[in-house]
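Next up, my_file.cif (mmCIF, C-alpha atoms and all ligand atoms):
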data_start
#
loop_
_atom_site.label_atom_id
_atom_site.label_comp_id
_atom_site.auth_asym_id
_atom_site.auth_seq_id
_atom_site.Cartn_x
_atom_site.Cartn_y
_atom_site.Cartn_z
CA MET A 1 76.69 39.73 -35.81
CA LYS A 2 74.98 42.33 -33.73
CA ILE A 3 72.91 41.84 -30.59
CA ILE A 4 70.42 44.43 -29.40
CA ASN A 5 69.28 44.06 -25.81
CA ALA A 6 65.69 45.15 -25.35
CA LYS A 7 63.79 45.36 -22.08
CA SER A 8 60.65 43.55 -23.17
CA CYS A 9 58.88 41.91 -26.07
CA GLN A 10 57.22 45.26 -26.70
CA GLU A 11 60.61 46.89 -27.10
CA ILE A 12 61.80 44.04 -29.36
CA SER A 13 58.74 44.68 -31.52
CA ASP A 14 59.30 48.44 -31.58
CA ILE A 15 62.91 47.98 -32.71
CA ALA A 16 61.96 45.38 -35.34
CA THR A 17 59.21 47.65 -36.61
CA SER A 18 61.56 50.59 -36.98
CA ILE A 19 63.98 48.42 -38.99
CA ILE A 20 61.11 47.37 -41.30
CA LEU A 21 59.95 50.98 -41.61
CA LYS A 22 63.46 52.11 -42.52
CA GLN A 23 63.75 49.35 -45.14
CA ILE A 24 60.43 50.24 -46.79
CA LYS A 25 61.23 53.97 -46.72
CA LYS A 26 64.50 53.21 -48.50
CA LYS A 27 62.83 50.90 -51.06
CA LYS A 28 59.06 50.97 -51.58
CA ASN A 29 59.06 47.58 -53.30
CA SER A 30 61.15 45.87 -50.64
CA VAL A 31 61.08 42.09 -50.44
CA LEU A 32 60.34 40.87 -46.92
CA CYS A 33 60.21 37.39 -45.48
CA LEU A 34 57.92 37.15 -42.48
CA PRO A 35 57.63 34.82 -39.49
CA THR A 36 54.75 33.48 -37.42
CA GLY A 37 54.63 32.42 -33.76
CA LYS A 38 53.92 34.33 -30.57
CA THR A 39 57.04 36.47 -30.65
CA PRO A 40 56.19 38.66 -33.67
CA LEU A 41 52.56 39.33 -32.67
CA LEU A 42 53.28 42.74 -31.14
CA MET A 43 55.40 43.63 -34.16
CA TYR A 44 52.45 42.98 -36.48
CA LYS A 45 50.21 45.02 -34.17
CA LYS A 46 52.62 47.92 -34.32
CA LEU A 47 52.95 47.69 -38.12
CA VAL A 48 49.15 47.77 -38.44
CA GLN A 49 49.10 50.85 -36.18
CA LEU A 50 51.74 52.57 -38.30
CA PHE A 51 49.70 51.80 -41.40
CA HIS A 52 46.59 53.33 -39.81
CA ASP A 53 48.57 56.41 -38.88
CA GLY A 54 49.64 56.77 -42.51
CA LYS A 55 53.30 56.20 -41.68
CA ILE A 56 53.85 53.06 -43.75
CA SER A 57 52.41 51.43 -46.86
CA PHE A 58 52.80 47.83 -48.00
CA GLU A 59 51.24 48.46 -51.40
CA LYS A 60 54.42 47.76 -53.31
CA VAL A 61 56.07 45.45 -50.77
CA LEU A 62 56.53 41.77 -51.64
CA CYS A 63 55.83 39.55 -48.65
CA PHE A 64 57.08 35.98 -48.48
CA ASN A 65 56.43 33.76 -45.49
CA LEU A 66 58.90 31.39 -43.92
CA ASP A 67 56.84 28.26 -43.61
CA GLU A 68 53.50 26.46 -43.42
CA TYR A 69 52.23 23.24 -41.89
CA TYR A 70 51.80 20.49 -44.44
CA GLY A 71 48.24 19.20 -44.65
CA LEU A 72 46.50 22.33 -43.33
CA ASN A 73 44.35 24.37 -45.70
CA LYS A 74 44.34 28.16 -45.82
CA GLU A 75 41.11 28.41 -43.82
CA ASN A 76 42.36 26.22 -40.99
CA LYS A 77 42.73 28.44 -37.91
CA ASN A 78 46.09 26.87 -37.11
CA SER A 79 47.53 27.44 -40.55
CA TYR A 80 50.09 30.17 -41.07
CA HIS A 81 47.95 31.52 -43.92
CA TYR A 82 45.22 32.17 -41.38
CA TYR A 83 47.67 33.61 -38.84
CA MET A 84 49.04 36.08 -41.36
CA ARG A 85 45.59 37.26 -42.44
CA LYS A 86 44.25 37.49 -38.90
CA ASN A 87 47.25 39.34 -37.51
CA PHE A 88 48.47 41.38 -40.41
CA PHE A 89 47.34 41.18 -44.02
CA ASN A 90 43.62 41.86 -43.30
CA PHE A 91 44.54 45.24 -41.84
CA VAL A 92 47.14 46.65 -44.22
CA ASP A 93 47.31 47.51 -47.92
CA ALA A 94 49.52 44.61 -49.05
CA GLU A 95 48.27 43.40 -52.44
CA ASP A 96 47.18 39.75 -52.69
CA GLU A 97 49.38 39.21 -55.71
CA ASN A 98 52.38 40.33 -53.66
CA ILE A 99 51.81 37.84 -50.83
CA PHE A 100 53.55 34.47 -51.12
CA ILE A 101 52.83 31.76 -48.57
CA LEU A 102 53.53 28.10 -49.22
CA ASP A 103 50.39 26.04 -49.83
CA GLY A 104 50.17 23.38 -47.14
CA MET A 105 47.72 21.42 -49.29
CA ALA A 106 49.94 21.27 -52.37
CA LYS A 107 49.83 17.69 -53.68
CA ASN A 108 52.94 18.31 -55.70
CA PHE A 109 54.93 19.73 -52.78
CA LYS A 110 58.21 19.56 -54.69
CA LYS A 111 56.84 21.84 -57.41
CA GLU A 112 55.29 24.13 -54.79
CA CYS A 113 58.69 24.51 -53.09
CA ASP A 114 60.67 24.90 -56.33
CA ASP A 115 58.21 27.54 -57.56
CA PHE A 116 58.59 29.40 -54.28
CA GLU A 117 62.37 29.48 -54.73
CA LYS A 118 61.91 30.70 -58.31
CA LYS A 119 59.61 33.50 -57.16
CA ILE A 120 62.22 34.63 -54.63
CA LYS A 121 64.95 34.56 -57.29
CA LYS A 122 62.79 36.58 -59.65
CA THR A 123 62.57 39.40 -57.12
CA ASN A 124 66.33 39.71 -57.00
CA GLY A 125 66.44 38.42 -53.44
CA ILE A 126 65.00 39.05 -50.01
CA ASP A 127 65.93 42.45 -48.61
CA LEU A 128 64.87 41.80 -45.04
CA MET A 129 64.31 38.44 -43.42
CA ILE A 130 62.59 38.44 -40.02
CA LEU A 131 63.06 35.30 -37.98
CA GLY A 132 61.90 33.82 -34.71
CA ILE A 133 63.67 30.84 -33.19
CA GLY A 134 62.34 27.53 -31.92
CA GLU A 135 63.43 26.19 -28.53
CA ASN A 136 65.46 23.55 -30.36
CA GLY A 137 67.24 26.18 -32.47
CA HIS A 138 65.14 25.88 -35.60
CA ILE A 139 64.58 28.84 -37.88
CA GLY A 140 61.59 28.62 -40.19
CA PHE A 141 60.98 24.91 -39.77
CA ASN A 142 64.60 23.97 -40.40
CA GLU A 143 65.05 21.38 -37.71
CA PRO A 144 68.33 20.20 -36.09
CA GLU A 145 70.66 18.12 -38.27
CA GLY A 146 69.27 19.53 -41.53
CA SER A 147 71.72 20.67 -44.20
CA PHE A 148 73.01 24.24 -44.14
CA LEU A 149 72.62 24.13 -47.93
CA SER A 150 68.89 23.34 -47.83
CA ARG A 151 66.31 25.05 -50.01
CA THR A 152 62.54 25.32 -49.69
CA ARG A 153 61.22 21.79 -49.10
CA LEU A 154 58.98 19.43 -47.19
CA VAL A 155 60.39 18.50 -43.76
CA ASN A 156 59.50 16.24 -40.87
CA LEU A 157 58.93 18.16 -37.69
CA ASP A 158 60.96 17.30 -34.63
CA ILE A 159 58.99 15.81 -31.78
CA SER A 160 60.19 18.74 -29.62
CA THR A 161 58.75 21.22 -32.13
CA ARG A 162 55.46 19.33 -32.31
CA ARG A 163 55.26 19.36 -28.52
CA ALA A 164 56.10 23.09 -28.32
CA ASN A 165 53.49 23.91 -31.01
CA SER A 166 50.80 21.44 -29.90
CA LYS A 167 48.64 23.78 -27.79
CA PRO A 168 46.36 25.14 -30.52
CA PHE A 169 45.97 21.63 -31.94
CA LYS A 170 44.72 20.42 -28.52
CA SER A 171 46.87 17.26 -28.58
CA LEU A 172 50.22 16.06 -29.86
CA ARG A 173 48.41 13.51 -32.04
CA ASN A 174 46.59 16.28 -33.90
CA THR A 175 49.74 18.38 -34.35
CA PRO A 176 51.08 18.19 -37.91
CA LYS A 177 54.06 15.94 -38.45
CA ARG A 178 55.36 17.76 -41.52
CA ALA A 179 55.76 21.27 -42.86
CA LEU A 180 56.95 23.20 -45.88
CA THR A 181 59.77 25.56 -45.06
CA ILE A 182 62.15 27.91 -46.75
CA GLY A 183 65.69 26.47 -46.57
CA LEU A 184 68.72 27.58 -44.58
CA LYS A 185 70.61 28.49 -47.73
CA THR A 186 67.60 30.58 -48.83
CA ILE A 187 67.57 32.32 -45.46
CA MET A 188 71.30 32.98 -45.67
CA GLU A 189 70.91 34.66 -49.06
CA ALA A 190 68.76 37.43 -47.60
CA LYS A 191 70.54 40.78 -47.61
CA GLN A 192 69.63 41.55 -44.01
CA ILE A 193 68.35 39.29 -41.24
CA ILE A 194 66.81 40.14 -37.90
CA LEU A 195 66.07 37.46 -35.34
CA LEU A 196 63.58 38.13 -32.55
CA ALA A 197 63.63 36.15 -29.31
CA SER A 198 61.76 36.91 -26.13
CA GLY A 199 61.61 35.30 -22.69
CA ASN A 200 63.89 33.07 -20.67
CA LYS A 201 62.69 29.95 -22.48
CA LYS A 202 64.73 31.12 -25.48
CA LYS A 203 67.81 32.26 -23.57
CA ASN A 204 69.80 28.99 -23.67
CA ILE A 205 69.21 28.26 -27.30
CA VAL A 206 70.02 31.82 -28.43
CA LYS A 207 73.22 31.69 -26.39
CA LYS A 208 74.20 28.39 -28.02
CA ALA A 209 73.26 29.62 -31.49
CA PHE A 210 75.39 32.74 -31.27
CA LYS A 211 78.21 31.84 -28.88
CA ASP A 212 78.91 28.13 -29.55
CA LYS A 213 80.62 26.69 -32.59
CA ILE A 214 78.46 26.54 -35.72
CA ASN A 215 76.88 23.09 -35.81
CA LYS A 216 73.96 21.35 -37.44
CA LYS A 217 72.43 20.51 -34.06
CA ILE A 218 71.56 24.22 -33.79
CA PRO A 219 70.34 25.35 -37.24
CA ALA A 220 70.30 29.03 -36.19
CA SER A 221 74.06 28.87 -35.53
CA ILE A 222 74.68 29.23 -39.29
CA LEU A 223 73.55 32.86 -38.90
CA GLN A 224 76.96 33.58 -37.34
CA THR A 225 78.41 33.54 -40.86
CA HIS A 226 75.96 36.07 -42.32
CA LYS A 227 77.23 39.60 -42.95
CA ASN A 228 74.21 41.48 -41.68
CA VAL A 229 72.39 39.77 -38.82
CA THR A 230 70.92 41.43 -35.77
CA ALA A 231 69.41 39.48 -32.89
CA ILE A 232 66.92 41.52 -30.86
CA ILE A 233 66.42 39.86 -27.49
CA ASP A 234 65.05 40.70 -24.06
CA PHE A 235 67.53 38.68 -22.00
CA LYS A 236 71.29 38.73 -21.52
CA ILE A 237 73.44 36.07 -23.18
C1 LIG A 301 57.33 28.01 -35.18
C2 LIG A 301 57.74 28.65 -36.48
C3 LIG A 301 59.02 29.42 -36.35
C4 LIG A 301 59.00 30.30 -35.12
C5 LIG A 301 58.87 29.43 -33.89
C6 LIG A 301 58.92 30.19 -32.59
O1 LIG A 301 57.87 26.75 -34.99
N1 LIG A 301 57.88 27.72 -37.54
O2 LIG A 301 59.23 30.18 -37.53
O3 LIG A 301 60.17 31.05 -35.06
O4 LIG A 301 57.62 28.78 -34.01
O5 LIG A 301 57.65 30.61 -32.21
P1 LIG A 301 57.31 31.48 -30.94
O6 LIG A 301 57.59 32.88 -31.32
O7 LIG A 301 55.85 31.24 -30.71
O8 LIG A 301 58.15 30.98 -29.83
#
Step by step, read the file and then write its structure as structure tokens.
Amino acid sequence: MKIINAKSCQEISDIATSIILKQIKKKKNSVLCLPTGKTPLLMYKKLVQLFHDGKISFEKVLCFNLDEYYGLNKENKNSYHYYMRKNFFNFVDAEDENIFILDGMAKNFKKECDDFEKKIKKTNGIDLMILGIGENGHIGFNEPEGSFLSRTRLVNLDISTRRANSKPFKSLRNTPKRALTIGLKTIMEAKQIILLASGNKKKNIVKKAFKDKINKKIPASILQTHKNVTAIIDFKI
């Protein structure tokens, strides 16, 4: 696995953006899997800028998202549907029918997750997976101790994740307890993976994920076995 040391979150975003640009130039109908969180915000800003400058088009790109809170509807400001529209999809030419985000309100969550897997399979696989990392080592919402063979499913969120993500929900009580997430096996099947991590808060966990033995306590550690992973980070490990 490759590590790129950037100087700042801006530089992480610039590098990630150029990898996405290269992928879409190579294949107009690329299949991407996109993350949420604070870390990729500047990347989305930069992609929107590139679109405005006529340097990139998402018209043919298929965009999957990693995860969604269970129980939040698409209009909820804390949902990942809302995040993606507000930060990205509202400003680029991605077609609605090419955007796939898990429905947090799906009553039949099993079917929702199985259908999501089927849609990915139908595309012939994800070309480029872009990941953030939680402070407990989760990727998507694949929490510690989950199976490395997991597929898209409903999961219980770790208390540490709920605490880390509680700010926009105003209290821990209001923070969702469950989420739908793409699985670790699904992530590992992507042809290329980039993981973005910024700030000292992430330093320890990234170090453990990439330098310690692979173990279920740190879900991101499974990435060590992928053929084409690049971590873009703004700290030294
Ligand atoms: C959430 C998401 C993850 C994301 C993580 C880190 O828990 N489910 O996909 O990687 O947050 O977010 P941030 O970039 O805000 O630290």
Original post:
What lies within 10 Å of range 164-172 of chain A using all atoms listed in the file, ignoring chain neighbours under 3 positions off, as a ChimeraX atom specification?
Top reply: /A:37,77-78,134-136,158-161,175-177
Subject >> Residues near Leu131 in chain A, cut-off 8 Å, all atoms listed in the file, skip fewer than 5 positions along chain, as a PyMOL selection string >> reply: chain A and resi 34-35+139-140+193-196
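Distance check against Thr230 in chain A using all atoms listed in the file: of A:Cys9, A:Ile99, A:Val48, A:Ile19, the minimum falls on A:Ile19.
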Original post:
Expressed in Å to a single decimal, how great is the separation between atom C3 of ligand LIG 301 (chain A) and CA of Lys38 in chain A?
Top reply: 9.1 Å
**OP:** Excluding range 56-61 of chain A and residues on its chain fewer than 5 positions from it, collect all residues at most 10 Å away from it, counting only C-alpha atoms, and give them as a PyMOL selection string.
**Re:** chain A and resi 20-22+24-25+27-32+47-51+89+92-96+98-99
Subject >> Nearest residue to ligand LIG 301 (chain A) from the set A:Met1, A:Leu62, A:Ile133, A:Ala6 (distances using all atoms listed in the file) >> reply: A:Ile133
Subject >> For Leu180 in chain A, the nearest of the candidates A:Asp234, A:Asp67, A:Glu143, A:Asp53, counting only C-alpha atoms >> reply: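 Going through A:Asp234, A:Asp67, A:Glu143, A:Asp53 one by one, the smallest distance to Leu180 in chain A is for A:Asp67.
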Original post:
With only C-alpha atoms and all ligand atoms as the basis for distance, which of A:Pro40, A:Pro144, A:Gly132, A:Pro219 is at the shortest distance from ligand LIG 301 (chain A)?
Top reply: A:Gly132
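In terms of minimum interatomic distance to ligand LIG 301 (chain A), A:Ser198 ranks closest within A:Ser198, A:Thr123, A:Ser8, A:Asn76, counting all atoms listed in the file.
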Subject >> Nearest-residue call for Ser79 in chain A, choices A:Cys113, A:Ala179, A:Ile12, A:Lys122, using all atoms listed in the file >> reply: A:Ala179
Find the smallest box with edges along x, y and z containing every listed atom of ligand LIG 301 (chain A), then add 4 Å on each side and report centre and edge lengths in Å to one decimal, as AutoDock Vina command-line options.
--center_x 58.0 --center_y 29.8 --center_z -33.7 --size_x 12.3 --size_y 14.1 --size_z 15.7
For Ile101 in chain A, list every protein, DNA or RNA residue within 9 Å, evaluated using all atoms listed in the file, and leave out those in the same chain fewer than 4 positions away; present the list as a short mmCIF file (atom, residue, chain, number, x, y, z; two decimals) with C-alpha atoms, in the coordinates of the input.
data_model
loop_
_atom_site.label_atom_id
_atom_site.label_comp_id
_atom_site.auth_asym_id
_atom_site.auth_seq_id
_atom_site.Cartn_x
_atom_site.Cartn_y
_atom_site.Cartn_z
CA CYS A 63 55.83 39.55 -48.65
CA PHE A 64 57.08 35.98 -48.48
CA ASN A 65 56.43 33.76 -45.49
CA LEU A 66 58.90 31.39 -43.92
CA ASP A 67 56.84 28.26 -43.61
CA GLU A 68 53.50 26.46 -43.42
CA TYR A 80 50.09 30.17 -41.07
CA HIS A 81 47.95 31.52 -43.92
CA PHE A 116 58.59 29.40 -54.28
#
Original post:
Hey, can you check how far atom O7 of ligand LIG 301 (chain A) sits from CA of Lys7 in chain A?
Top reply: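 Going from atom O7 of ligand LIG 301 (chain A) over to CA of Lys7 in chain A, I get 18.4 Å.
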Original post:
atom O4 of ligand LIG 301 (chain A) and CA of Asn142 in chain A are how many Å apart?
Top reply: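 Between atom O4 of ligand LIG 301 (chain A) and CA of Asn142 in chain A the gap works out to 10.6 Å.
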Give me range 58-69 of chain A with all heavy atoms filled in, as a PDB file, in the coordinates of the input.
ATOM      1  N   PHE A  58      52.267  49.114 -47.505  1.00  0.00           N
ATOM      2  CA  PHE A  58      52.800  47.830 -48.000  1.00  0.00           C
ATOM      3  C   PHE A  58      52.351  47.578 -49.433  1.00  0.00           C
ATOM      4  O   PHE A  58      52.494  46.469 -49.938  1.00  0.00           O
ATOM      5  CB  PHE A  58      52.326  46.691 -47.080  1.00  0.00           C
ATOM      6  CG  PHE A  58      52.823  46.839 -45.677  1.00  0.00           C
ATOM      7  CD1 PHE A  58      52.072  47.534 -44.722  1.00  0.00           C
ATOM      8  CD2 PHE A  58      54.052  46.335 -45.312  1.00  0.00           C
ATOM      9  CE1 PHE A  58      52.545  47.706 -43.433  1.00  0.00           C
ATOM     10  CE2 PHE A  58      54.532  46.494 -44.034  1.00  0.00           C
ATOM     11  CZ  PHE A  58      53.776  47.186 -43.092  1.00  0.00           C
ATOM     12  N   GLU A  59      51.816  48.614 -50.064  1.00  0.00           N
ATOM     13  CA  GLU A  59      51.240  48.460 -51.400  1.00  0.00           C
ATOM     14  C   GLU A  59      52.199  47.838 -52.404  1.00  0.00           C
ATOM     15  O   GLU A  59      51.818  47.028 -53.237  1.00  0.00           O
ATOM     16  CB  GLU A  59      50.782  49.835 -51.881  1.00  0.00           C
ATOM     17  CG  GLU A  59      49.593  49.741 -52.800  1.00  0.00           C
ATOM     18  CD  GLU A  59      49.287  51.078 -53.418  1.00  0.00           C
ATOM     19  OE1 GLU A  59      49.552  52.116 -52.774  1.00  0.00           O
ATOM     20  OE2 GLU A  59      48.790  51.063 -54.553  1.00  0.00           O
ATOM     21  N   LYS A  60      53.440  48.245 -52.322  1.00  0.00           N
ATOM     22  CA  LYS A  60      54.420  47.760 -53.310  1.00  0.00           C
ATOM     23  C   LYS A  60      55.330  46.665 -52.735  1.00  0.00           C
ATOM     24  O   LYS A  60      56.180  46.127 -53.433  1.00  0.00           O
ATOM     25  CB  LYS A  60      55.305  48.934 -53.773  1.00  0.00           C
ATOM     26  CG  LYS A  60      54.554  50.094 -54.409  1.00  0.00           C
ATOM     27  CD  LYS A  60      54.722  50.013 -55.898  1.00  0.00           C
ATOM     28  CE  LYS A  60      54.000  51.037 -56.735  1.00  0.00           C
ATOM     29  NZ  LYS A  60      52.689  51.465 -56.347  1.00  0.00           N
ATOM     30  N   VAL A  61      55.166  46.388 -51.430  1.00  0.00           N
ATOM     31  CA  VAL A  61      56.070  45.450 -50.770  1.00  0.00           C
ATOM     32  C   VAL A  61      55.728  44.004 -51.164  1.00  0.00           C
ATOM     33  O   VAL A  61      54.561  43.654 -51.296  1.00  0.00           O
ATOM     34  CB  VAL A  61      55.962  45.618 -49.224  1.00  0.00           C
ATOM     35  CG1 VAL A  61      56.807  44.588 -48.486  1.00  0.00           C
ATOM     36  CG2 VAL A  61      56.365  47.036 -48.824  1.00  0.00           C
ATOM     37  N   LEU A  62      56.749  43.196 -51.375  1.00  0.00           N
ATOM     38  CA  LEU A  62      56.530  41.770 -51.640  1.00  0.00           C
ATOM     39  C   LEU A  62      56.749  41.026 -50.328  1.00  0.00           C
ATOM     40  O   LEU A  62      57.776  41.189 -49.674  1.00  0.00           O
ATOM     41  CB  LEU A  62      57.520  41.254 -52.689  1.00  0.00           C
ATOM     42  CG  LEU A  62      57.516  41.951 -54.056  1.00  0.00           C
ATOM     43  CD1 LEU A  62      58.470  41.252 -55.010  1.00  0.00           C
ATOM     44  CD2 LEU A  62      56.121  41.980 -54.664  1.00  0.00           C
ATOM     45  N   CYS A  63      55.758  40.240 -49.948  1.00  0.00           N
ATOM     46  CA  CYS A  63      55.830  39.550 -48.650  1.00  0.00           C
ATOM     47  C   CYS A  63      55.857  38.037 -48.831  1.00  0.00           C
ATOM     48  O   CYS A  63      54.866  37.437 -49.257  1.00  0.00           O
ATOM     49  CB  CYS A  63      54.625  39.901 -47.783  1.00  0.00           C
ATOM     50  SG  CYS A  63      54.473  41.640 -47.395  1.00  0.00           S
ATOM     51  N   PHE A  64      56.976  37.438 -48.513  1.00  0.00           N
ATOM     52  CA  PHE A  64      57.080  35.980 -48.480  1.00  0.00           C
ATOM     53  C   PHE A  64      56.918  35.539 -47.036  1.00  0.00           C
ATOM     54  O   PHE A  64      57.189  36.308 -46.116  1.00  0.00           O
ATOM     55  CB  PHE A  64      58.454  35.532 -48.998  1.00  0.00           C
ATOM     56  CG  PHE A  64      58.594  35.676 -50.491  1.00  0.00           C
ATOM     57  CD1 PHE A  64      58.971  36.891 -51.061  1.00  0.00           C
ATOM     58  CD2 PHE A  64      58.336  34.601 -51.333  1.00  0.00           C
ATOM     59  CE1 PHE A  64      59.085  37.034 -52.436  1.00  0.00           C
ATOM     60  CE2 PHE A  64      58.453  34.738 -52.713  1.00  0.00           C
ATOM     61  CZ  PHE A  64      58.821  35.944 -53.263  1.00  0.00           C
ATOM     62  N   ASN A  65      56.476  34.306 -46.845  1.00  0.00           N
ATOM     63  CA  ASN A  65      56.430  33.760 -45.490  1.00  0.00           C
ATOM     64  C   ASN A  65      57.414  32.594 -45.364  1.00  0.00           C
ATOM     65  O   ASN A  65      57.710  31.918 -46.337  1.00  0.00           O
ATOM     66  CB  ASN A  65      55.031  33.284 -45.121  1.00  0.00           C
ATOM     67  CG  ASN A  65      54.403  34.214 -44.122  1.00  0.00           C
ATOM     68  OD1 ASN A  65      53.893  35.254 -44.521  1.00  0.00           O
ATOM     69  ND2 ASN A  65      54.467  33.891 -42.851  1.00  0.00           N
ATOM     70  N   LEU A  66      57.877  32.401 -44.153  1.00  0.00           N
ATOM     71  CA  LEU A  66      58.900  31.390 -43.920  1.00  0.00           C
ATOM     72  C   LEU A  66      58.439  29.953 -44.123  1.00  0.00           C
ATOM     73  O   LEU A  66      59.171  29.132 -44.647  1.00  0.00           O
ATOM     74  CB  LEU A  66      59.379  31.478 -42.465  1.00  0.00           C
ATOM     75  CG  LEU A  66      60.347  32.567 -42.085  1.00  0.00           C
ATOM     76  CD1 LEU A  66      60.460  32.618 -40.573  1.00  0.00           C
ATOM     77  CD2 LEU A  66      61.698  32.265 -42.709  1.00  0.00           C
ATOM     78  N   ASP A  67      57.217  29.672 -43.662  1.00  0.00           N
ATOM     79  CA  ASP A  67      56.840  28.260 -43.610  1.00  0.00           C
ATOM     80  C   ASP A  67      55.335  28.075 -43.491  1.00  0.00           C
ATOM     81  O   ASP A  67      54.577  29.040 -43.313  1.00  0.00           O
ATOM     82  CB  ASP A  67      57.576  27.571 -42.441  1.00  0.00           C
ATOM     83  CG  ASP A  67      57.510  28.370 -41.143  1.00  0.00           C
ATOM     84  OD1 ASP A  67      56.665  29.283 -41.040  1.00  0.00           O
ATOM     85  OD2 ASP A  67      58.304  28.102 -40.239  1.00  0.00           O
ATOM     86  N   GLU A  68      54.911  26.816 -43.585  1.00  0.00           N
ATOM     87  CA  GLU A  68      53.500  26.460 -43.420  1.00  0.00           C
ATOM     88  C   GLU A  68      53.412  24.988 -43.043  1.00  0.00           C
ATOM     89  O   GLU A  68      54.248  24.177 -43.484  1.00  0.00           O
ATOM     90  CB  GLU A  68      52.734  26.716 -44.742  1.00  0.00           C
ATOM     91  CG  GLU A  68      51.273  26.319 -44.754  1.00  0.00           C
ATOM     92  CD  GLU A  68      50.408  27.026 -43.708  1.00  0.00           C
ATOM     93  OE1 GLU A  68      50.590  26.738 -42.505  1.00  0.00           O
ATOM     94  OE2 GLU A  68      49.551  27.834 -44.094  1.00  0.00           O
ATOM     95  N   TYR A  69      52.444  24.657 -42.221  1.00  0.00           N
ATOM     96  CA  TYR A  69      52.230  23.240 -41.890  1.00  0.00           C
ATOM     97  C   TYR A  69      51.750  22.504 -43.125  1.00  0.00           C
ATOM     98  O   TYR A  69      50.925  23.032 -43.890  1.00  0.00           O
ATOM     99  CB  TYR A  69      51.161  23.103 -40.805  1.00  0.00           C
ATOM    100  CG  TYR A  69      51.619  23.547 -39.441  1.00  0.00           C
ATOM    101  CD1 TYR A  69      51.085  24.682 -38.844  1.00  0.00           C
ATOM    102  CD2 TYR A  69      52.577  22.813 -38.737  1.00  0.00           C
ATOM    103  CE1 TYR A  69      51.497  25.090 -37.582  1.00  0.00           C
ATOM    104  CE2 TYR A  69      52.992  23.220 -37.476  1.00  0.00           C
ATOM    105  CZ  TYR A  69      52.447  24.349 -36.905  1.00  0.00           C
ATOM    106  OH  TYR A  69      52.857  24.745 -35.664  1.00  0.00           O
TER     107      TYR A  69
END
